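Asks: My structure file run_6.pdb, PDB, C-alpha atoms, is below:
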```
ATOM      1  CA  MET A 260     -21.609  27.180  14.255
ATOM      2  CA  THR A 261     -19.394  24.238  15.206
ATOM      3  CA  LYS A 262     -18.814  21.185  12.997
ATOM      4  CA  GLU A 263     -21.086  19.187  15.265
ATOM      5  CA  GLN A 264     -23.874  21.766  14.859
ATOM      6  CA  GLN A 265     -23.787  22.131  11.075
ATOM      7  CA  ILE A 266     -26.736  20.598   9.224
ATOM      8  CA  GLU A 267     -24.679  18.867   6.533
ATOM      9  CA  ALA A 268     -21.250  18.705   4.953
ATOM     10  CA  PRO A 269     -20.597  20.478   1.610
ATOM     11  CA  ASP A 270     -22.735  18.972  -1.176
ATOM     12  CA  LYS A 271     -20.079  17.750  -3.629
ATOM     13  CA  GLU A 272     -22.644  15.730  -5.597
ATOM     14  CA  ALA A 273     -24.377  18.902  -6.723
ATOM     15  CA  LEU A 274     -21.055  20.176  -8.076
ATOM     16  CA  VAL A 275     -20.214  16.918  -9.875
ATOM     17  CA  ASN A 276     -23.749  16.539 -11.264
ATOM     18  CA  ARG A 277     -23.164  12.922 -12.307
ATOM     19  CA  ASN A 278     -26.849  11.930 -12.667
ATOM     20  CA  PRO A 279     -27.788  12.434 -16.362
ATOM     21  CA  HIS A 280     -31.521  11.769 -15.810
ATOM     22  CA  PRO A 281     -33.922  14.622 -14.908
ATOM     23  CA  ASP A 282     -36.272  12.001 -13.397
ATOM     24  CA  PHE A 283     -34.290   8.906 -12.439
ATOM     25  CA  ALA A 284     -37.295   7.194 -10.804
ATOM     26  CA  GLU A 285     -39.198   7.307 -14.095
ATOM     27  CA  VAL A 286     -36.211   5.998 -16.070
ATOM     28  CA  GLU A 287     -35.597   3.168 -13.618
ATOM     29  CA  ALA A 288     -39.283   2.153 -13.657
ATOM     30  CA  SER A 289     -39.004   1.487 -17.409
ATOM     31  CA  ARG A 290     -36.201  -1.042 -16.923
ATOM     32  CA  PRO A 291     -36.438  -4.792 -16.164
ATOM     33  CA  ASP A 292     -36.133  -5.971 -12.563
ATOM     34  CA  TYR A 293     -32.711  -6.809 -11.156
ATOM     35  CA  ASN A 294     -32.020 -10.551 -11.391
ATOM     36  CA  THR A 295     -31.034 -11.620  -7.889
ATOM     37  CA  HIS A 296     -30.602 -15.184  -9.151
ATOM     38  CA  SER A 297     -27.762 -14.365 -11.547
ATOM     39  CA  THR A 298     -24.809 -16.663 -10.996
ATOM     40  CA  TRP A 299     -21.160 -16.623 -11.953
ATOM     41  CA  THR A 300     -20.996 -18.088 -15.477
ATOM     42  CA  PRO A 301     -17.528 -18.627 -16.970
ATOM     43  CA  THR A 302     -17.361 -18.705 -20.780
ATOM     44  CA  LYS A 303     -14.649 -19.320 -23.348
ATOM     45  CA  THR A 304     -12.250 -16.451 -23.964
ATOM     46  CA  PRO A 305     -13.339 -14.136 -26.820
ATOM     47  CA  LYS A 306     -10.938 -15.909 -29.214
ATOM     48  CA  PRO A 307      -9.600 -19.268 -27.920
ATOM     49  CA  THR A 308      -7.511 -19.724 -31.105
ATOM     50  CA  TRP A 309      -5.518 -16.508 -30.512
ATOM     51  CA  SER A 310      -1.787 -16.838 -31.184
ATOM     52  CA  TYR A 311       1.247 -14.591 -30.714
ATOM     53  CA  GLY A 312       1.120 -11.590 -33.015
ATOM     54  CA  ASP A 313      -2.633 -11.842 -33.747
ATOM     55  CA  GLY A 314      -3.453  -8.544 -32.069
ATOM     56  CA  ALA A 315      -7.099  -7.700 -31.344
ATOM     57  CA  ASN A 316      -9.595 -10.557 -31.616
ATOM     58  CA  ASN A 317     -11.810  -8.562 -34.020
ATOM     59  CA  ASP A 318     -11.513  -5.592 -36.391
ATOM     60  CA  GLU A 319     -14.077  -3.299 -34.792
ATOM     61  CA  TRP A 320     -11.361  -0.806 -33.877
ATOM     62  CA  ARG A 321     -10.879  -0.019 -37.574
ATOM     63  CA  LYS A 322     -14.383   1.512 -37.695
ATOM     64  CA  HIS A 323     -13.632   4.255 -35.181
ATOM     65  CA  GLU A 324     -11.807   7.573 -35.479
ATOM     66  CA  LEU A 325      -9.684   8.781 -32.580
ATOM     67  CA  ILE A 326      -9.920  12.326 -31.287
ATOM     68  CA  ASP A 327      -7.527  14.081 -28.905
ATOM     69  CA  ILE A 328      -8.590  15.626 -25.599
ATOM     70  CA  ASP A 329      -6.152  17.931 -23.850
ATOM     71  CA  PRO A 330      -6.865  17.771 -20.099
ATOM     72  CA  GLU A 331      -5.286  21.204 -19.732
ATOM     73  CA  GLU A 332      -7.219  22.777 -22.619
ATOM     74  CA  GLU A 333      -8.088  26.387 -21.917
ATOM     75  CA  GLY A 334     -11.588  26.673 -20.500
ATOM     76  CA  ARG A 335     -11.904  22.936 -19.758
ATOM     77  CA  PRO A 336     -13.023  22.504 -16.124
ATOM     78  CA  THR A 337     -11.395  19.809 -13.982
ATOM     79  CA  ASN A 338     -14.837  18.311 -13.427
ATOM     80  CA  LEU A 339     -14.908  17.124 -17.061
ATOM     81  CA  ASN A 340     -11.577  15.324 -16.612
ATOM     82  CA  TYR A 341     -12.972  13.605 -13.525
ATOM     83  CA  LYS A 342     -16.021  12.374 -15.427
ATOM     84  CA  LEU A 343     -13.865  11.237 -18.345
ATOM     85  CA  MET A 344     -11.499   9.301 -16.091
ATOM     86  CA  ILE A 345     -14.131   7.494 -14.043
ATOM     87  CA  SER A 346     -16.160   6.520 -17.129
ATOM     88  CA  SER A 347     -13.113   5.060 -18.902
ATOM     89  CA  THR A 348     -11.134   3.500 -16.056
ATOM     90  CA  VAL A 349     -13.596   0.676 -15.467
ATOM     91  CA  PRO A 350     -14.529  -1.515 -13.764
ATOM     92  CA  ARG A 351     -13.325  -0.149 -10.426
ATOM     93  CA  PRO A 352     -13.874  -2.007  -7.139
ATOM     94  CA  ILE A 353     -15.610  -0.084  -4.375
ATOM     95  CA  ALA A 354     -14.348   0.057  -0.810
ATOM     96  CA  LEU A 355     -16.885   0.612   1.948
ATOM     97  CA  LEU A 356     -14.412   2.500   4.098
ATOM     98  CA  SER A 357     -15.111   2.933   7.791
ATOM     99  CA  THR A 358     -13.185   5.161  10.187
ATOM    100  CA  ILE A 359     -13.563   6.627  13.672
ATOM    101  CA  SER A 360     -13.279  10.263  14.710
ATOM    102  CA  SER A 361     -11.359  11.657  17.657
ATOM    103  CA  THR A 362     -14.689  11.956  19.497
ATOM    104  CA  GLY A 363     -15.640   8.330  18.813
ATOM    105  CA  VAL A 364     -18.091   8.851  15.926
ATOM    106  CA  GLN A 365     -18.084   5.876  13.523
ATOM    107  CA  ASN A 366     -17.938   7.114   9.926
ATOM    108  CA  VAL A 367     -18.540   4.999   6.816
ATOM    109  CA  ALA A 368     -18.527   5.906   3.109
ATOM    110  CA  PRO A 369     -17.927   4.282  -0.304
ATOM    111  CA  PHE A 370     -14.759   4.983  -2.329
ATOM    112  CA  SER A 371     -14.012   3.731  -5.846
ATOM    113  CA  TYR A 372     -10.555   5.307  -5.994
ATOM    114  CA  PHE A 373      -9.429   2.120  -4.263
ATOM    115  CA  GLN A 374      -7.087  -0.744  -5.094
ATOM    116  CA  ALA A 375      -4.811  -3.490  -3.762
ATOM    117  CA  VAL A 376      -1.213  -2.418  -4.377
ATOM    118  CA  CYS A 377       1.186  -4.752  -2.557
ATOM    119  CA  ALA A 378       1.286  -8.142  -0.796
ATOM    120  CA  ASP A 379       4.324  -7.700   1.464
ATOM    121  CA  PRO A 380       3.173  -5.854   3.420
ATOM    122  CA  PRO A 381      -0.481  -6.237   2.344
ATOM    123  CA  LEU A 382      -1.287  -2.696   1.247
ATOM    124  CA  TYR A 383      -4.392  -1.048  -0.154
ATOM    125  CA  SER A 384      -4.687   2.447  -1.587
ATOM    126  CA  VAL A 385      -7.550   4.887  -1.130
ATOM    127  CA  CYS A 386      -7.512   8.315  -2.758
ATOM    128  CA  PHE A 387      -9.459  11.201  -1.251
ATOM    129  CA  VAL A 388     -10.280  13.927  -3.757
ATOM    130  CA  GLY A 389     -10.820  17.524  -2.697
ATOM    131  CA  GLU A 390      -8.911  20.550  -1.474
ATOM    132  CA  ARG A 391     -10.153  20.035   2.079
ATOM    133  CA  PRO A 392      -9.902  16.724   3.962
ATOM    134  CA  ASN A 393     -13.247  14.968   4.327
ATOM    135  CA  ASP A 394     -14.271  13.092   7.470
ATOM    136  CA  SER A 395     -12.782   9.776   6.349
ATOM    137  CA  LEU A 396      -9.372  11.225   5.522
ATOM    138  CA  ARG A 397      -9.265  13.350   8.660
ATOM    139  CA  ASN A 398     -10.150  10.342  10.796
ATOM    140  CA  ILE A 399      -7.478   8.131   9.224
ATOM    141  CA  LEU A 400      -4.755  10.724   9.654
ATOM    142  CA  GLU A 401      -5.762  11.220  13.296
ATOM    143  CA  SER A 402      -6.539   7.646  14.400
ATOM    144  CA  LYS A 403      -4.254   5.741  11.981
ATOM    145  CA  GLU A 404      -6.964   3.048  11.653
ATOM    146  CA  ALA A 405      -9.685   1.961   9.227
ATOM    147  CA  CYS A 406     -11.769  -0.967   8.014
ATOM    148  CA  ILE A 407     -12.796  -1.828   4.468
ATOM    149  CA  SER A 408     -15.665  -4.075   3.364
ATOM    150  CA  ILE A 409     -16.010  -5.163  -0.268
ATOM    151  CA  ILE A 410     -19.453  -4.059  -1.439
ATOM    152  CA  ARG A 411     -21.781  -6.884  -2.505
ATOM    153  CA  ASP A 412     -24.845  -6.498  -4.719
ATOM    154  CA  SER A 413     -27.017  -7.619  -1.808
ATOM    155  CA  PHE A 414     -26.336  -4.329   0.010
ATOM    156  CA  ILE A 415     -25.428  -1.866  -2.743
ATOM    157  CA  GLU A 416     -28.333   0.487  -1.898
ATOM    158  CA  ALA A 417     -27.290   0.593   1.755
ATOM    159  CA  ALA A 418     -23.663   1.241   0.798
ATOM    160  CA  ASN A 419     -24.699   3.997  -1.592
ATOM    161  CA  ALA A 420     -26.693   5.662   1.195
ATOM    162  CA  THR A 421     -23.494   6.125   3.209
ATOM    163  CA  SER A 422     -22.260   8.648   0.615
ATOM    164  CA  ILE A 423     -24.760  11.170   2.025
ATOM    165  CA  ASN A 424     -23.136  14.405   3.190
ATOM    166  CA  THR A 425     -23.797  14.140   6.918
ATOM    167  CA  PRO A 426     -21.903  16.532   9.238
ATOM    168  CA  PRO A 427     -18.898  15.177  11.188
ATOM    169  CA  GLY A 428     -20.879  14.395  14.335
ATOM    170  CA  VAL A 429     -23.408  12.112  12.604
ATOM    171  CA  SER A 430     -22.651   8.455  11.791
ATOM    172  CA  GLU A 431     -23.857   7.051   8.479
ATOM    173  CA  TRP A 432     -24.182   3.487   9.849
ATOM    174  CA  PRO A 433     -27.771   3.900  11.183
ATOM    175  CA  LEU A 434     -28.885   5.475   7.913
ATOM    176  CA  SER A 435     -27.587   2.471   5.969
ATOM    177  CA  GLY A 436     -29.273  -0.175   8.101
ATOM    178  CA  LEU A 437     -26.136  -2.311   7.845
ATOM    179  CA  HIS A 438     -24.797  -4.322  10.778
ATOM    180  CA  PRO A 439     -21.396  -2.994  11.872
ATOM    181  CA  ARG A 440     -18.955  -5.010  13.951
ATOM    182  CA  THR A 441     -16.007  -3.375  15.705
ATOM    183  CA  GLY A 442     -12.632  -4.687  14.616
ATOM    184  CA  LYS A 443     -10.554  -6.967  16.816
ATOM    185  CA  LEU A 444      -7.349  -4.984  16.266
ATOM    186  CA  VAL A 445      -8.736  -1.551  15.325
ATOM    187  CA  ARG A 446     -11.614   0.581  16.591
ATOM    188  CA  PRO A 447     -13.483   1.265  13.306
ATOM    189  CA  GLN A 448     -16.237  -1.113  12.231
ATOM    190  CA  TYR A 449     -16.832  -3.329   9.202
ATOM    191  CA  ALA A 450     -20.084  -4.596   7.636
ATOM    192  CA  LEU A 451     -21.223  -8.114   8.497
ATOM    193  CA  GLU A 452     -23.175  -8.142   5.217
ATOM    194  CA  ALA A 453     -19.885  -8.242   3.272
ATOM    195  CA  ALA A 454     -18.339 -11.581   2.334
ATOM    196  CA  PHE A 455     -14.871 -10.033   2.700
ATOM    197  CA  SER A 456     -13.651  -7.258   4.994
ATOM    198  CA  MET A 457     -10.325  -6.181   6.411
ATOM    199  CA  GLU A 458      -8.922  -4.244   9.342
ATOM    200  CA  LEU A 459      -6.195  -1.767   8.434
ATOM    201  CA  VAL A 460      -3.670   0.605   9.926
ATOM    202  CA  TYR A 461      -2.125   3.707   8.396
ATOM    203  CA  HIS A 462       1.059   3.124   6.387
ATOM    204  CA  SER A 463       1.748   6.400   4.597
ATOM    205  CA  HIS A 464       0.152   9.164   2.562
ATOM    206  CA  GLN A 465       0.991  11.577  -0.218
ATOM    207  CA  ASP A 466      -0.706  14.905  -0.849
ATOM    208  CA  ILE A 467      -1.286  15.564  -4.558
ATOM    209  CA  MET A 468      -0.872  19.154  -5.682
ATOM    210  CA  SER A 469      -2.415  20.849  -8.719
ATOM    211  CA  PRO A 470       0.262  22.129 -11.150
ATOM    212  CA  LYS A 471      -2.128  24.931 -12.127
ATOM    213  CA  SER A 472      -3.222  26.291  -8.764
ATOM    214  CA  GLY A 473      -0.545  24.878  -6.468
ATOM    215  CA  MET A 474      -3.351  23.758  -4.173
ATOM    216  CA  ARG A 475      -3.772  20.294  -2.713
ATOM    217  CA  THR A 476      -6.412  18.505  -4.835
ATOM    218  CA  ALA A 477      -6.227  14.969  -3.414
ATOM    219  CA  THR A 478      -4.481  12.764  -0.884
ATOM    220  CA  LEU A 479      -3.388   9.209  -1.639
ATOM    221  CA  VAL A 480      -3.323   7.011   1.464
ATOM    222  CA  LEU A 481      -1.765   3.557   1.815
ATOM    223  CA  LEU A 482      -3.334   1.296   4.428
ATOM    224  CA  GLN A 483      -1.861  -1.951   5.700
ATOM    225  CA  ALA A 484      -4.171  -4.894   6.331
ATOM    226  CA  VAL A 485      -3.640  -6.431   9.766
ATOM    227  CA  LEU A 486      -6.626  -8.803   9.809
ATOM    228  CA  PHE A 487      -8.928 -10.214   7.129
ATOM    229  CA  HIS A 488     -12.533 -11.323   7.675
ATOM    230  CA  VAL A 489     -14.148 -13.693   5.159
ATOM    231  CA  TRP A 490     -17.215 -15.913   5.109
ATOM    232  CA  GLN A 491     -16.123 -19.474   5.862
ATOM    233  CA  ASP A 492     -17.943 -20.889   2.832
ATOM    234  CA  ALA A 493     -16.464 -18.237   0.526
ATOM    235  CA  ILE A 494     -12.757 -19.042   0.977
ATOM    236  CA  SER A 495     -10.644 -21.837  -0.499
ATOM    237  CA  ALA A 496      -9.218 -24.559   1.732
ATOM    238  CA  ASP A 497      -5.782 -22.909   1.739
ATOM    239  CA  LYS A 498      -7.371 -19.552   2.707
ATOM    240  CA  ALA A 499      -5.994 -17.963  -0.437
ATOM    241  CA  THR A 500      -8.836 -17.428  -2.916
ATOM    242  CA  VAL A 501     -12.249 -15.857  -2.344
ATOM    243  CA  ASP A 502     -15.105 -17.423  -4.316
ATOM    244  CA  LEU A 503     -16.307 -14.786  -6.788
ATOM    245  CA  ALA A 504     -19.769 -16.332  -6.793
ATOM    246  CA  MET A 505     -20.016 -15.652  -3.054
ATOM    247  CA  LEU A 506     -18.251 -12.298  -3.090
ATOM    248  CA  ARG A 507     -20.693 -10.921  -5.708
ATOM    249  CA  PRO A 508     -18.736  -7.640  -5.965
ATOM    250  CA  VAL A 509     -20.150  -4.452  -7.417
ATOM    251  CA  PHE A 510     -17.992  -2.319  -9.661
ATOM    252  CA  ARG A 511     -18.202   1.390 -10.361
ATOM    253  CA  ALA A 512     -18.285   2.942 -13.825
ATOM    254  CA  GLY A 513     -19.019   6.497 -14.965
ATOM    255  CA  GLY A 514     -21.845   8.752 -13.856
ATOM    256  CA  ILE A 515     -24.216   6.793 -11.620
ATOM    257  CA  THR A 516     -23.512   3.460 -13.362
ATOM    258  CA  TYR A 517     -22.604   0.309 -11.445
ATOM    259  CA  GLY A 518     -22.192  -3.288 -12.526
ATOM    260  CA  THR A 519     -21.653  -6.809 -11.250
ATOM    261  CA  CYS A 520     -19.333  -9.669 -12.138
ATOM    262  CA  PHE A 521     -21.631 -12.499 -13.211
ATOM    263  CA  GLN A 522     -19.954 -13.490 -16.474
ATOM    264  CA  GLY A 523     -16.296 -13.971 -17.234
ATOM    265  CA  PHE A 524     -13.599 -16.278 -18.487
ATOM    266  CA  GLU A 525     -10.276 -17.703 -17.353
ATOM    267  CA  LEU A 526      -7.176 -16.665 -19.271
ATOM    268  CA  PRO A 527      -3.792 -18.117 -18.251
ATOM    269  CA  ARG A 528      -0.717 -15.869 -18.346
ATOM    270  CA  PRO A 529       1.786 -16.518 -21.178
ATOM    271  CA  GLU A 530       4.164 -19.442 -20.881
ATOM    272  CA  ALA A 531       7.812 -18.748 -20.068
ATOM    273  CA  TYR A 532       9.622 -16.947 -22.875
ATOM    274  CA  ARG A 533      12.127 -19.776 -23.153
ATOM    275  CA  LYS A 534       9.186 -21.982 -24.182
ATOM    276  CA  ALA A 535       7.433 -19.391 -26.320
ATOM    277  CA  ARG A 536      10.550 -18.701 -28.401
ATOM    278  CA  GLU A 537      10.559 -22.336 -29.530
ATOM    279  CA  LYS A 538       7.566 -21.436 -31.709
ATOM    280  CA  ARG A 539       8.401 -20.375 -35.246
ATOM    281  CA  GLU A 540       5.942 -17.434 -35.208
ATOM    282  CA  VAL A 541       7.617 -16.036 -32.084
ATOM    283  CA  GLN A 542      11.070 -16.285 -33.637
ATOM    284  CA  VAL A 543       9.759 -14.347 -36.633
ATOM    285  CA  LEU A 544       8.046 -11.690 -34.489
ATOM    286  CA  VAL A 545      11.158 -10.962 -32.408
ATOM    287  CA  GLY A 546      13.480 -10.966 -35.436
ATOM    288  CA  GLU A 547      15.298 -14.200 -34.685
ATOM    289  CA  LEU A 548      14.123 -15.889 -37.892
ATOM    290  CA  ASP A 549      14.204 -14.333 -41.331
ATOM    291  CA  THR A 550      11.324 -15.576 -43.487
ATOM    292  CA  GLY A 551      12.771 -13.966 -46.596
ATOM    293  CA  ASP A 552       9.606 -11.973 -47.227
ATOM    294  CA  GLN A 553      10.181  -8.569 -48.796
TER
END
```
Could you take the file, read its structure, and then write that structure out as structure tokens?

Replies:
Amino acid sequence: MTKEQQIEAPDKEALVNRNPHPDFAEVEASRPDYNTHSTWTPTKTPKPTWSYGDGANNDEWRKHELIDIDPEEEGRPTNLNYKLMISSTVPRPIALLSTISSTGVQNVAPFSYFQAVCADPPLYSVCFVGERPNDSLRNILESKEACISIIRDSFIEAANATSINTPPGVSEWPLSGLHPRTGKLVRPQYALEAAFSMELVYHSHQDIMSPKSGMRTATLVLLQAVLFHVWQDAISADKATVDLAMLRPVFRAGGITYGTCFQGFELPRPEAYRKAREKREVQVLVGELDTGDQ
């Protein structure tokens, strides 16, 4: 049986088993409806009176006991480390990554091992986990092209549907119902439903090897943005800042948990050290001023 003839790709979801609910439909039915009218609401910082040396803004941490988890503990499967990492490294943005195969099939899938890493050149990272290259990784290494759309809450179900394990010859775009547009500089497509998308070309990649088995367990790929696409009413006049209220991004947490960014606060970076060290408390903290306390 050829790749084009196979019914589906390997079912990695069954191996991960990230859904903790025996009957998710029943659990979801007991919850309140999603509020599509939620808006971006900035608040004060948790402690506006915070000053140098204050530490945490509350003492809750004193109530908890730390335990140690050895990721290489005998008998501990790698799958548990994966679940631990994705449930603690949060929130993570999700890339709706689209690629094209050597036979012209348009592939699209969500990836939360994704991040912006550099501005000159504008680079993004995507990590592909697994001993064998999946369709997206294979396509990028062959075509050297990709598109990424930032997933919005208005199409999260459609984006999630693209994670289905279709065989290489079947595109996920029709299953999602999204509206793809072919890039101007690359052949893969991006989603018109996204407030922000980008066209990218291959920059470099690094295979990651397991120290235990010596096998390849992941591949980290760097992609260079060559063209950005953004809704006109979602970008600042200087074309530098995307309006979070329009972007409405969805973040990934552990298991099957997702979230949105509808509440937050602004927190300026510290002033220059030359200014900060004029404060008496800073001089004390860095040992430049002796208070005489014993």

Asks: Using all atoms listed in the file, which of A:Met457, A:Thr476, A:Asn398, A:Ser469 sits nearest Glu331 of chain A?

Replies: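 Among the listed residues, A:Ser469 lies closest to Glu331 of chain A.
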
Asks: For this file, the PyMOL selection byres ((chain A and resi 447) around 8) selects which residues, as a list in words?

Replies: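 Matching residues under the PyMOL selection byres ((chain A and resi 447) around 8) are Ser357, Thr358, Ile359, Gln365, Glu404, Ala405, Cys406, Thr441, Gly442, Val445, Arg446, Gln448 and Tyr449 of chain A.
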
Asks: I'd like to see the residues matched by the PyMOL selection byres ((chain A and resi 488) around 6) on this file, and ideally I'd get them as a PyMOL selection string.

Replies: chain A and resi 455-457+487+489

Asks: I'd like the residues picked by the PyMOL selection byres ((chain A and resi 383-396) around 7) written out as an NGL selection string, using the chain letters and numbers from the file.

Replies: :A and (358 or 366 or 372-376 or 381-382 or 397-400 or 427 or 474-483)

Asks: Interatomic distance between atom CA of Val286 of chain A and atom CA of Ser435 of chain A?

Replies: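 These atoms are spaced 23.9 Å apart.
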
Asks: Starting from 4 Å padding per side, set up an axis-aligned box that covers all listed atoms of segment 275-292 of chain A and hand over centre and edge lengths in Å, one decimal, as lines of an AutoDock Vina configuration file.

Replies:
```
center_x = -29.7
center_y = 5.5
center_z = -13.6
size_x = 27.1
size_y = 30.9
size_z = 15.5
```

Asks: Give me, please, the distance in Å between atom CA of Ser371 of chain A and atom CA of Ile353 of chain A, quoted to one decimal.

Replies: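 If I compute the distance from atom CA of Ser371 of chain A to atom CA of Ile353 of chain A, I get 4.4 Å.
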
Asks: So what do you get for atom CA of Ala453 of chain A versus atom CA of Val349 of chain A, distance-wise?

Replies: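 Computing the Euclidean distance for atom CA of Ala453 of chain A and atom CA of Val349 of chain A yields 21.7 Å.
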